[in-house]
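upload_34.txt (compact mmCIF, C-alpha atoms)
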# COMPACT_ATOMS: atom_id res chain seq x y z
CA MET A 38 -137.01 -219.48 9.17
CA VAL A 39 -139.64 -222.11 9.90
CA GLY A 40 -140.26 -222.61 13.60
CA LYS A 41 -140.39 -225.80 15.55
CA LYS A 42 -143.47 -227.91 16.26
CA VAL A 43 -144.74 -229.33 19.57
CA PHE A 44 -147.10 -232.30 19.57
CA VAL A 45 -149.12 -233.00 22.71
CA THR A 46 -150.96 -236.29 23.20
CA VAL A 47 -153.23 -237.53 25.95
CA GLY A 48 -153.96 -240.93 24.45
CA THR A 49 -157.48 -242.26 24.06
CA THR A 50 -158.96 -240.99 27.33
CA HIS A 51 -158.71 -237.45 28.68
CA PHE A 52 -156.20 -235.30 30.54
CA ASP A 53 -157.78 -231.87 30.54
CA SER A 54 -155.27 -230.36 32.97
CA LEU A 55 -152.45 -231.08 30.49
CA ILE A 56 -154.37 -229.58 27.56
CA GLU A 57 -155.32 -226.54 29.63
CA VAL A 58 -151.76 -225.79 30.73
CA MET A 59 -150.30 -226.38 27.26
CA SER A 60 -152.76 -223.91 25.67
CA ASN A 61 -152.24 -221.35 28.44
CA GLU A 62 -150.85 -217.96 27.35
CA GLU A 63 -147.83 -218.20 29.65
CA THR A 64 -146.96 -221.62 28.20
CA LEU A 65 -147.25 -220.21 24.69
CA LYS A 66 -144.86 -217.39 25.62
CA ILE A 67 -142.35 -219.95 26.89
CA LEU A 68 -142.71 -222.08 23.75
CA HIS A 69 -142.23 -219.05 21.52
CA SER A 70 -139.08 -218.07 23.46
CA LYS A 71 -137.72 -221.56 22.71
CA GLY A 72 -138.37 -221.21 18.96
CA TYR A 73 -141.63 -223.18 18.73
CA THR A 74 -144.28 -221.76 16.41
CA SER A 75 -146.79 -224.61 16.16
CA LEU A 76 -148.66 -226.52 18.87
CA VAL A 77 -150.79 -229.52 17.88
CA LEU A 78 -152.93 -230.96 20.67
CA GLN A 79 -154.47 -234.44 20.58
CA ILE A 80 -157.20 -234.06 23.23
CA GLY A 81 -158.75 -237.53 23.21
CA GLN A 82 -162.09 -237.58 24.99
CA GLY A 83 -161.35 -234.46 27.02
CA HIS A 84 -163.97 -231.90 27.94
CA PHE A 85 -161.71 -228.84 27.65
CA ILE A 86 -161.63 -227.43 24.14
CA PRO A 87 -158.46 -225.42 23.52
CA PRO A 88 -158.47 -222.21 21.51
CA THR A 89 -157.41 -222.44 17.87
CA HIS A 90 -155.60 -219.28 17.02
CA LYS A 91 -152.17 -217.75 16.94
CA CYS A 92 -151.01 -216.45 20.31
CA HIS A 93 -147.55 -215.16 21.20
CA GLY A 94 -146.30 -216.37 17.83
CA VAL A 95 -147.56 -219.94 18.30
CA THR A 96 -150.34 -221.39 16.12
CA LEU A 97 -152.63 -223.80 17.97
CA SER A 98 -154.66 -226.64 16.50
CA PHE A 99 -156.25 -229.75 17.95
CA PHE A 100 -157.98 -233.00 17.15
CA ARG A 101 -159.58 -235.68 19.30
CA LEU A 102 -158.61 -239.08 17.91
CA LYS A 103 -157.50 -240.58 14.62
CA PRO A 104 -156.42 -244.07 13.56
CA SER A 105 -152.71 -243.25 13.80
CA ILE A 106 -150.71 -240.38 15.22
CA ALA A 107 -147.41 -241.64 13.80
CA GLU A 108 -147.27 -238.71 11.36
CA ASP A 109 -147.78 -236.27 14.24
CA PHE A 110 -144.87 -237.82 16.13
CA ALA A 111 -142.72 -237.72 12.98
CA ALA A 112 -143.49 -234.03 12.34
CA ALA A 113 -142.82 -232.93 15.92
CA ASP A 114 -139.63 -231.38 17.24
CA LEU A 115 -140.85 -231.99 20.80
CA VAL A 116 -143.47 -234.36 22.18
CA VAL A 117 -145.36 -233.62 25.39
CA SER A 118 -147.32 -236.69 26.37
CA HIS A 119 -149.29 -238.21 29.16
CA ALA A 120 -147.02 -240.75 30.78
CA GLY A 121 -148.77 -243.78 29.28
CA ALA A 122 -146.43 -246.57 28.18
CA GLY A 123 -147.64 -246.68 24.57
CA SER A 124 -147.34 -242.95 23.95
CA CYS A 125 -143.96 -242.69 25.65
CA LEU A 126 -142.57 -245.60 23.64
CA GLU A 127 -143.93 -244.22 20.38
CA ALA A 128 -142.26 -240.85 21.01
CA LEU A 129 -138.97 -242.46 22.00
CA GLU A 130 -139.00 -244.85 19.04
CA ALA A 131 -139.62 -241.85 16.75
CA GLY A 132 -136.45 -240.31 18.20
CA LYS A 133 -138.26 -237.29 19.58
CA PRO A 134 -137.40 -235.35 22.75
CA LEU A 135 -140.12 -236.21 25.24
CA ILE A 136 -141.70 -234.59 28.26
CA ALA A 137 -143.81 -237.22 30.01
CA VAL A 138 -146.51 -235.54 32.09
CA ILE A 139 -147.84 -237.64 34.94
CA ASN A 140 -151.58 -237.75 35.44
CA ASN A 141 -151.59 -238.21 39.19
CA THR A 142 -155.38 -238.49 39.30
CA LEU A 143 -155.17 -242.03 37.97
CA MET A 144 -155.49 -244.96 40.33
CA GLU A 145 -152.28 -246.57 41.55
CA ASN A 146 -150.27 -243.73 39.97
CA HIS A 147 -148.68 -246.18 37.51
CA GLN A 148 -147.68 -243.36 35.18
CA SER A 149 -145.28 -241.91 37.73
CA GLU A 150 -143.30 -245.15 37.93
CA LEU A 151 -142.70 -245.30 34.19
CA ALA A 152 -142.02 -241.57 33.73
CA GLU A 153 -139.63 -241.41 36.67
CA GLU A 154 -137.74 -244.48 35.46
CA LEU A 155 -137.42 -243.07 31.94
CA SER A 156 -136.32 -239.73 33.38
CA LYS A 157 -133.70 -241.35 35.63
CA SER A 158 -132.33 -243.04 32.52
CA GLU A 159 -132.19 -239.61 30.82
CA LEU A 160 -134.55 -240.72 28.06
CA CYS A 161 -137.15 -238.05 28.81
CA PHE A 162 -138.08 -235.30 31.19
CA CYS A 163 -141.01 -235.90 33.51
CA CYS A 164 -143.27 -233.51 35.34
CA TYR A 165 -146.84 -232.90 36.46
CA PRO A 166 -149.34 -230.48 34.92
CA SER A 167 -148.48 -228.00 37.68
CA THR A 168 -144.78 -228.03 36.67
CA VAL A 169 -145.06 -228.14 32.86
CA GLN A 170 -144.21 -224.46 32.46
CA GLU A 171 -141.12 -224.77 34.64
CA THR A 172 -140.02 -227.85 32.71
CA LEU A 173 -140.49 -226.08 29.39
CA ALA A 174 -138.66 -222.96 30.60
CA ASP A 175 -135.66 -225.08 31.66
CA LEU A 176 -135.84 -227.35 28.60
CA ASP A 177 -132.48 -228.46 27.22
CA VAL A 178 -133.04 -231.48 24.96
CA THR A 179 -129.28 -232.02 24.63
CA ARG A 180 -129.39 -233.49 28.15
CA LEU A 181 -131.38 -236.48 26.89
CA ARG A 182 -129.85 -239.75 25.77
CA ALA A 183 -130.99 -241.36 22.53
CA TYR A 184 -133.41 -244.25 22.92
CA GLU A 185 -132.06 -247.46 21.43
CA PRO A 186 -134.85 -249.28 19.61
CA GLY A 187 -134.60 -253.02 19.80
CA ARG A 188 -133.13 -252.85 23.30
CA PRO A 189 -136.10 -251.68 25.35
CA LYS A 190 -134.92 -253.35 28.57
CA LEU A 191 -136.02 -250.49 30.79
CA VAL A 192 -139.58 -250.43 29.55
CA ALA A 193 -139.84 -254.22 29.41
CA LYS A 194 -138.62 -254.45 33.02
CA TYR A 195 -141.24 -251.92 34.10
CA LEU A 196 -144.06 -253.66 32.21
CA ASP A 197 -143.03 -257.01 33.68
CA SER A 198 -143.24 -255.55 37.19
CA VAL A 199 -146.71 -254.15 36.53
CA ILE A 200 -147.98 -257.41 35.07
CA LYS A 201 -146.66 -259.36 38.08
CA VAL A 202 -148.49 -256.98 40.43
CA LEU A 203 -151.80 -257.53 38.62
Please re-express this file's structure in structure tokens.
Amino acid sequence: MVGKKVFVTVGTTHFDSLIEVMSNEETLKILHSKGYTSLVLQIGQGHFIPPTHKCHGVTLSFFRLKPSIAEDFAAADLVVSHAGAGSCLEALEAGKPLIAVINNTLMENHQSELAEELSKSELCFCCYPSTVQETLADLDVTRLRAYEPGRPKLVAKYLDSVIKVL
């Protein structure tokens, strides 16, 4: 039986704490217990370089940036993403279960607003790097509602509020 694949993305900047926790041995144990056998990490401009080996039954690989990560979203059974609007929308539009991880080191903490709103609407799970392992251990993707492309009212409402603040 072929295992499931996790795709992690940090966007075009860096989010080393997310990459570090996702490549941590305890996280890999949790992923393996959930049937995941492949972890692909998009590390952006991060300084932390994850290991590339098989650990606890999970094969790790990474890349920094490429013109499109649409194929990575399509191949994933689970997406773990920084809580940036573009990455969250791309995962939801691809119909993938999403864990949006809030980078609370960013100014104005704008990622928390979007992730919490999407989570309240049961479109994704949200957490912080410090709670990723707990979120993965409790993961039940059947609790998520399907995102309805073409009716992105929730995200549009959020983006409108951010633009008005600027």
**Report entry** Selection near His93 in chain A, 12 Å with only C-alpha atoms, sequence-local residues under 4 positions removed, as a VMD selection string
**Finding:** chain A and resid 60 to 76 97
**Report entry** Interatomic distance, CA of Gln170 in chain A to CA of Ser105 in chain A (Å, one decimal)
**Finding:**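 One can read the CA of Gln170 in chain A to CA of Ser105 in chain A distance as 27.8 Å.
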**Report entry** Neighbour list for Ile86 in chain A as a list of chain:residue names, cut-off 9 Å, only C-alpha atoms, skip fewer than 6 positions in-chain
**Finding:**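 Result of the neighbour search: A:Asp53, A:Ile56, A:Glu57, A:Ile80, A:Phe99.
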Using only C-alpha atoms, please write the residues we just selected to a file, as a short mmCIF file (atom, residue, chain, number, x, y, z; two decimals), in the coordinates of the input.
data_model
loop_
_atom_site.label_atom_id
_atom_site.label_comp_id
_atom_site.auth_asym_id
_atom_site.auth_seq_id
_atom_site.Cartn_x
_atom_site.Cartn_y
_atom_site.Cartn_z
CA ASP A 53 -157.78 -231.87 30.54
CA ILE A 56 -154.37 -229.58 27.56
CA GLU A 57 -155.32 -226.54 29.63
CA ILE A 80 -157.20 -234.06 23.23
CA PHE A 99 -156.25 -229.75 17.95
#
Query raised in the report: How far is it from CA of Gly123 in chain A to CA of Thr49 in chain A, in Å with one decimal?
Result: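 Computed distance, CA of Gly123 in chain A to CA of Thr49 in chain A, equals 10.8 Å.
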Query - Selected residue, from A:Leu135, A:Ala152, A:Val95, A:Ala128, that lies nearest to Glu108 in chain A when counting all atoms listed in the file - result: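 Nearest candidate to Glu108 in chain A out of A:Leu135, A:Ala152, A:Val95, A:Ala128: A:Ala128.
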Sorted by chain and rising residue number, which residues of range 60-141 of chain A lie within 12 Å of range 180-184 of chain A, and what are their closest atom pairs and distances in Å to one decimal, counting all atoms listed in the file, as a Markdown table?
| residue | atom | partner | partner_atom | distance |
| --- | --- | --- | --- | --- |
| A:Cys125 | CA | A:Tyr184 | CA | 11.0 |
| A:Leu126 | CA | A:Tyr184 | CA | 9.3 |
| A:Glu127 | CA | A:Tyr184 | CA | 10.8 |
| A:Ala128 | CA | A:Tyr184 | CA | 9.7 |
| A:Leu129 | CA | A:Tyr184 | CA | 5.9 |
| A:Glu130 | CA | A:Tyr184 | CA | 6.8 |
| A:Ala131 | CA | A:Tyr184 | CA | 9.1 |
| A:Gly132 | CA | A:Tyr184 | CA | 6.9 |
| A:Lys133 | CA | A:Ala183 | CA | 8.8 |
| A:Pro134 | CA | A:Leu181 | CA | 7.4 |
| A:Leu135 | CA | A:Leu181 | CA | 8.9 |
| A:Ile136 | CA | A:Leu181 | CA | 10.6 |
Report task. With all atoms listed in the file counted, which protein, DNA or RNA residues have an atom no more than 12 Å from (-147.0, -238.8, 26.9) in the file frame? Please answer as a VMD selection string. Result -> chain A and resid 44 to 49 51 to 52 55 to 56 78 to 80 110 115 to 129 133 to 140 148 to 149 151 to 152 155 161 to 166
**Report entry** Between CA of His147 in chain A and CA of Ser98 in chain A, distance in Å (one decimal)
**Finding:** 29.3 Å
Once 8 Å is added on each side, what are the centre and the three edge lengths, in Å to one decimal, of the axis-aligned box enclosing the listed atoms of range 81-85 of chain A? Present them as JSON.
{"center_x": -161.4, "center_y": -233.2, "center_z": 25.6, "size_x": 21.2, "size_y": 24.7, "size_z": 20.7}
